[in-house]
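Trainee: Dropping the structure in here first, questions after.
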Amino acid sequence: MTDSTQPPAGFSDNDVRAANQAGWNEAADYHRAHPQFAALLANFARPDFLCLDEVAIGRLKMLDVRNKSVAQLCCNNARELLSIKNLGAGRCVGFDFSQAFLDQGRDLAETAGQELELVQTEITAIPESFNGSFDLAVMTIGVLGWMPDLSAFFETVQRVLKPGGRLFLYEDHPILNMYPTGEQPMPPVPDESYFRSTPYREDEGLDYWSGKPYDAQPVYWTFHKMSDVIMGVVGNGFQIEDFEELPDDIGNRPDFENQPQQLPLSYILIARKDE
């Protein structure tokens with residue numbers, strides 16, 4: 001019996017990236033039509049609006065983003081980058097491979113009256129003109145699974161930062177890859193290995209706001225262990241300054257919170273580029 005979650009034979013990392021880019025461009029219309037996008041447009045008309053949670057806001061204030069140059073890698077519609085701008089950051093540049101989501105980001109920035117630079121690019125192909133440009137590089141919820149080559153990703157983070165610049169990563173915990181989405185018994189029962197080595201095919205769409213499936217182009221999610229993340233950071237010239245695993249859901253698993261057998265649901269990692 002064929003495993004429908006496996007990619008086709010001979011599928012390369014470049015094939016994964018191309019499929020995922022098409023999938024996110026396809027999803028953009030669903031997000032633009034969702035009431036949450038209209039709410040973002042209304043909220044960003046307020047100069048103090050932040051869509052970040054308290055954990056992220058607290059760490060960013062600790063790092064003192066005021067007047068800092070900030071890059072967000074995989075910025076989607078730039079709502080988080082725009083929130084960092086509202087915290088007082090200086091130059092803010094968002095990178096994403098989906099032009100359709102960047103167009104939404106431009107609409108949000110116009111509503112907010114803020115200047116953002118939004119650049120369409122595959123992340124590991126960010127132009128060299130941005131090398132050494134930023135004090136802070138930000139990655140948030142659900143980024144790393146779209147990166148088939150984690151070392152190349154963190155190498156890119158390293159090269160766009162200034163010496164002494166910081167990486168700020170706030171992500172879903174990779175242990176969640178073991179569990180199916182949708183309603184689960186508690187405690188939840190895993191259906192995948194933590195050590196799965198092939199990308200996971202998904203063809204029900206990427207409308208994470210409504211959660212409703214649609215007839216979608218297949219996309220591919222790559223499993224990365226926590227050790228892959230940590231060694232990807234350390235192996236690319238960073239010193240870890242802060243690392244905390246958290247019981248808080250920052251994605252789409254609220255039922256997993258507040259359980260007697262509590263899983264780690266998210267983590268935050270801050271690292272400094274070598275001088």
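Just remember, in the structure tokens the first chain shown is A, the second B, etc., residues are 1-based per chain, and ligands are 1-based in the order shown.
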Neighbouring residues of range 135-139 of chain A were defined as those with any atom within 6 Å, considering only C-alpha atoms; residues of the same chain fewer than 3 positions away were excluded. Please report them as a PyMOL selection string.

Mentor: chain A and resi 68-73+162+165-169

Trainee: Between range 79-167 of chain A and range 7-25 of chain A, at 9 Å or less, what are the per-residue closest atom pairs and their distances in Å? Count only C-alpha atoms, order by chain and rising residue number, and return it as a Markdown table.

Mentor:
```
| residue | atom | partner | partner_atom | distance |
| --- | --- | --- | --- | --- |
| A:Phe97 | CA | A:Gln21 | CA | 6.0 |
| A:Ser98 | CA | A:Asn25 | CA | 5.4 |
| A:Gln99 | CA | A:Asn25 | CA | 6.9 |
| A:Ala100 | CA | A:Asn25 | CA | 5.5 |
| A:Phe101 | CA | A:Asn25 | CA | 7.0 |
| A:Glu122 | CA | A:Arg17 | CA | 8.0 |
| A:Trp146 | CA | A:Asn20 | CA | 7.4 |
| A:Met147 | CA | A:Arg17 | CA | 7.9 |
| A:Pro148 | CA | A:Asp13 | CA | 6.0 |
| A:Asp149 | CA | A:Asp13 | CA | 7.6 |
```

Trainee: Given only C-alpha atoms as the basis, pick out the residue of A:Met62, A:Leu108, A:Ile240, A:Leu102 nearest to Phe37 in chain A.

Mentor: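 Closest to Phe37 in chain A of all the choices is A:Leu108.
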
Trainee: Using only C-alpha atoms, which residue out of A:Arg46, A:Lys273, A:His31, A:Lys61 lies closest to Gln114 in chain A?

Mentor: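 When distances to Gln114 in chain A are compared using only C-alpha atoms, the smallest one comes from A:Arg46.
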
Trainee: Give the helix (DSSP H, G or I) residues of range 88-203 of chain A, as DSSP finds them on the backbone, and put them as number ranges by chain.

Mentor: A: 99-112, 123-125, 128-130, 144-146, 150-160, 174-178

Trainee: Have a look at CA of Asp53 in chain A and CA of Val157 in chain A and let me know their distance in Å, one decimal.

Mentor: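 Pair CA of Asp53 in chain A / CA of Val157 in chain A returns 23.2 Å.
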
Trainee: Hey, what's within 10 Å of Val229 in chain A if we count only C-alpha atoms and toss same-chain stuff fewer than 3 positions away? As a VMD selection string, please?

Mentor: chain A and resid 144 150 to 151 154 174 224 to 226 232 to 235 269

Trainee: Mind dumping the selected residues with all heavy atoms as a compact mmCIF listing (two decimals), in the first residue's frame?

Mentor:
```txt
# COMPACT_ATOMS: atom_id res chain seq x y z
N LEU A 144 10.27 26.74 10.36
CA LEU A 144 11.35 25.79 10.11
C LEU A 144 10.90 24.56 9.33
O LEU A 144 11.69 23.99 8.56
CB LEU A 144 12.00 25.36 11.43
CG LEU A 144 12.68 26.48 12.22
CD1 LEU A 144 13.42 25.90 13.42
CD2 LEU A 144 13.62 27.30 11.35
N LEU A 150 18.00 22.77 6.91
CA LEU A 150 18.03 23.65 8.07
C LEU A 150 19.38 24.35 8.23
O LEU A 150 19.43 25.51 8.63
CB LEU A 150 17.71 22.83 9.33
CG LEU A 150 17.08 23.58 10.51
CD1 LEU A 150 15.82 24.31 10.08
CD2 LEU A 150 16.78 22.60 11.64
N SER A 151 20.46 23.67 7.91
CA SER A 151 21.77 24.30 8.02
C SER A 151 21.89 25.47 7.05
O SER A 151 22.40 26.54 7.40
CB SER A 151 22.88 23.28 7.75
OG SER A 151 24.15 23.89 7.87
N PHE A 154 19.99 28.49 8.51
CA PHE A 154 20.68 29.24 9.56
C PHE A 154 21.96 29.91 9.03
O PHE A 154 22.37 30.94 9.56
CB PHE A 154 20.98 28.35 10.76
CG PHE A 154 19.77 28.06 11.59
CD1 PHE A 154 19.30 26.76 11.76
CD2 PHE A 154 19.07 29.09 12.20
CE1 PHE A 154 18.18 26.49 12.52
CE2 PHE A 154 17.93 28.84 12.97
CZ PHE A 154 17.49 27.53 13.13
N PRO A 174 9.04 20.91 18.02
CA PRO A 174 9.03 19.84 17.01
C PRO A 174 8.37 18.55 17.46
O PRO A 174 8.01 17.72 16.61
CB PRO A 174 10.51 19.63 16.68
CG PRO A 174 11.26 20.21 17.83
CD PRO A 174 10.42 21.33 18.35
N HIS A 224 12.07 18.42 11.77
CA HIS A 224 13.39 18.71 12.31
C HIS A 224 13.37 18.46 13.81
O HIS A 224 12.50 18.99 14.51
CB HIS A 224 13.79 20.17 12.05
CG HIS A 224 13.84 20.55 10.62
ND1 HIS A 224 14.73 19.98 9.72
CD2 HIS A 224 13.12 21.46 9.90
CE1 HIS A 224 14.55 20.52 8.53
NE2 HIS A 224 13.59 21.42 8.61
N LYS A 225 14.29 17.68 14.32
CA LYS A 225 14.41 17.45 15.75
C LYS A 225 14.92 18.72 16.44
O LYS A 225 15.52 19.59 15.81
CB LYS A 225 15.37 16.29 16.03
CG LYS A 225 15.05 15.01 15.27
CD LYS A 225 16.00 13.89 15.64
CE LYS A 225 17.46 14.17 15.33
NZ LYS A 225 17.69 14.33 13.87
N MET A 226 14.68 18.81 17.74
CA MET A 226 15.21 19.95 18.48
C MET A 226 16.73 20.00 18.39
O MET A 226 17.32 21.09 18.30
CB MET A 226 14.76 19.90 19.95
CG MET A 226 15.18 21.13 20.75
SD MET A 226 14.45 22.67 20.11
CE MET A 226 12.79 22.50 20.73
N GLY A 232 22.01 23.43 14.24
CA GLY A 232 21.99 24.33 13.09
C GLY A 232 22.37 25.75 13.48
O GLY A 232 23.05 26.46 12.73
N VAL A 233 21.93 26.17 14.67
CA VAL A 233 22.28 27.49 15.18
C VAL A 233 23.76 27.54 15.57
O VAL A 233 24.53 28.39 15.10
CB VAL A 233 21.38 27.85 16.38
CG1 VAL A 233 21.87 29.12 17.08
CG2 VAL A 233 19.93 28.03 15.92
N VAL A 234 24.18 26.61 16.43
CA VAL A 234 25.56 26.61 16.93
C VAL A 234 26.55 26.39 15.79
O VAL A 234 27.62 27.01 15.75
CB VAL A 234 25.72 25.53 18.02
CG1 VAL A 234 27.18 25.36 18.42
CG2 VAL A 234 24.87 25.88 19.23
N GLY A 235 26.19 25.52 14.85
CA GLY A 235 27.11 25.19 13.77
C GLY A 235 27.29 26.29 12.74
O GLY A 235 28.14 26.18 11.86
N LEU A 269 14.20 30.77 21.35
CA LEU A 269 15.66 30.65 21.30
C LEU A 269 16.23 31.97 20.79
O LEU A 269 15.79 32.48 19.75
CB LEU A 269 16.07 29.50 20.37
CG LEU A 269 17.55 29.08 20.35
CD1 LEU A 269 17.67 27.63 19.91
CD2 LEU A 269 18.38 29.95 19.41
```

Trainee: So that I can see what lies close to Met186 in chain A, please list as number ranges by chain the residues with an atom at most 9 Å from it, counting only C-alpha atoms and leaving out residues fewer than 5 positions away in the same chain.

Mentor: A: 255-256, 259, 261

Trainee: Using only C-alpha atoms, pick whichever of A:Gly142, A:Gly164, A:Gly105, A:Pro185 has the shortest atom-to-atom distance to Gly237 in chain A.

Mentor: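 Checking each of A:Gly142, A:Gly164, A:Gly105, A:Pro185 against Gly237 in chain A, counting only C-alpha atoms, the winner is A:Gly164.
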
Trainee: Name the residues in contact with Pro163 in chain A at a cut-off of 10 Å, using only C-alpha atoms, excluding same-chain residues fewer than 5 positions from it; report them as number ranges by chain.

Mentor: A: 132-135, 158, 272-275

Trainee: Determine the nearest neighbour of Thr140 in chain A from the options A:Ile270, A:Leu161, A:Ala216, A:Cys92, counting only C-alpha atoms.

Mentor: A:Ile270

Trainee: Record the distance separating CA of Ala45 in chain A and CA of Lys212 in chain A, expressed in Å with one decimal.

Mentor: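 Computed distance, CA of Ala45 in chain A to CA of Lys212 in chain A, equals 28.5 Å.
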
Trainee: In Å, rounded to a single decimal, give me how far CA of Val93 in chain A is from CA of Gln217 in chain A.

Mentor: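 Atom-to-atom, CA of Gln217 in chain A and CA of Val93 in chain A are spaced 28.6 Å apart.
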
Trainee: So, counting only C-alpha atoms, which residue among A:Ser193, A:Asn43, A:Asn77, A:Thr156 is closest to Asp107 in chain A?

Mentor: A:Asn77

Trainee: Find the residue from A:Leu82, A:Gly88, A:Phe153, A:Gly145 that sits nearest to Tyr220 in chain A; use only C-alpha atoms when measuring.

Mentor: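 Of the candidates, the smallest distance to Tyr220 in chain A is held by A:Gly145.
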
Trainee: Applying 9 Å and only C-alpha atoms, which residues near Ser83 in chain A remain after dropping the ones on its own chain fewer than 4 positions away? List them as JSON, numbers by chain.

Mentor: {"A": [44, 48, 49, 50, 51, 52, 78, 79, 87]}

Trainee: Please produce an output containing N, CA, C and O atoms for each residue in the selection, written as a JSON list (two decimals), in the first residue's frame.

Mentor:
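The resulting file, again-v1.json, is shown below:
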```json
[["chain", "number", "residue", "atom", "x", "y", "z"],
["A", 44, "PHE", "N", -4.44, 47.73, 12.59],
["A", 44, "PHE", "CA", -3.18, 48.40, 12.30],
["A", 44, "PHE", "C", -3.36, 49.88, 11.96],
["A", 44, "PHE", "O", -2.37, 50.61, 11.83],
["A", 48, "ASP", "N", -0.40, 51.90, 17.94],
["A", 48, "ASP", "CA", 0.19, 51.09, 19.00],
["A", 48, "ASP", "C", -0.19, 49.62, 18.90],
["A", 48, "ASP", "O", 0.09, 48.83, 19.81],
["A", 49, "PHE", "N", -0.81, 49.21, 17.79],
["A", 49, "PHE", "CA", -1.31, 47.84, 17.72],
["A", 49, "PHE", "C", -0.18, 46.83, 17.57],
["A", 49, "PHE", "O", 0.75, 47.02, 16.78],
["A", 50, "LEU", "N", -0.27, 45.74, 18.34],
["A", 50, "LEU", "CA", 0.68, 44.64, 18.27],
["A", 50, "LEU", "C", -0.10, 43.34, 18.16],
["A", 50, "LEU", "O", -1.03, 43.11, 18.92],
["A", 51, "CYS", "N", 0.29, 42.48, 17.21],
["A", 51, "CYS", "CA", -0.35, 41.18, 17.10],
["A", 51, "CYS", "C", 0.48, 40.08, 17.77],
["A", 51, "CYS", "O", 0.14, 38.90, 17.69],
["A", 52, "LEU", "N", 1.55, 40.47, 18.44],
["A", 52, "LEU", "CA", 2.43, 39.52, 19.12],
["A", 52, "LEU", "C", 1.87, 39.18, 20.50],
["A", 52, "LEU", "O", 1.16, 39.98, 21.12],
["A", 78, "ALA", "N", 3.54, 39.90, 6.97],
["A", 78, "ALA", "CA", 4.33, 40.92, 7.68],
["A", 78, "ALA", "C", 3.63, 41.51, 8.90],
["A", 78, "ALA", "O", 4.07, 42.54, 9.42],
["A", 79, "ARG", "N", 2.58, 40.88, 9.38],
["A", 79, "ARG", "CA", 1.88, 41.44, 10.53],
["A", 79, "ARG", "C", 2.77, 41.47, 11.78],
["A", 79, "ARG", "O", 2.69, 42.42, 12.57],
["A", 87, "LEU", "N", 6.87, 48.68, 17.82],
["A", 87, "LEU", "CA", 7.62, 48.71, 19.08],
["A", 87, "LEU", "C", 8.81, 49.68, 19.01],
["A", 87, "LEU", "O", 9.54, 49.82, 20.00]]
```

Trainee: If we count only C-alpha atoms and set the cut-off at 12 Å, which residues sit around Gly182 in chain A, ignoring sequence neighbours fewer than 6 positions away in its own chain? Please answer as JSON, numbers by chain.

Mentor: {"A": [188, 208, 211, 212, 213, 252, 253, 254, 255, 256]}
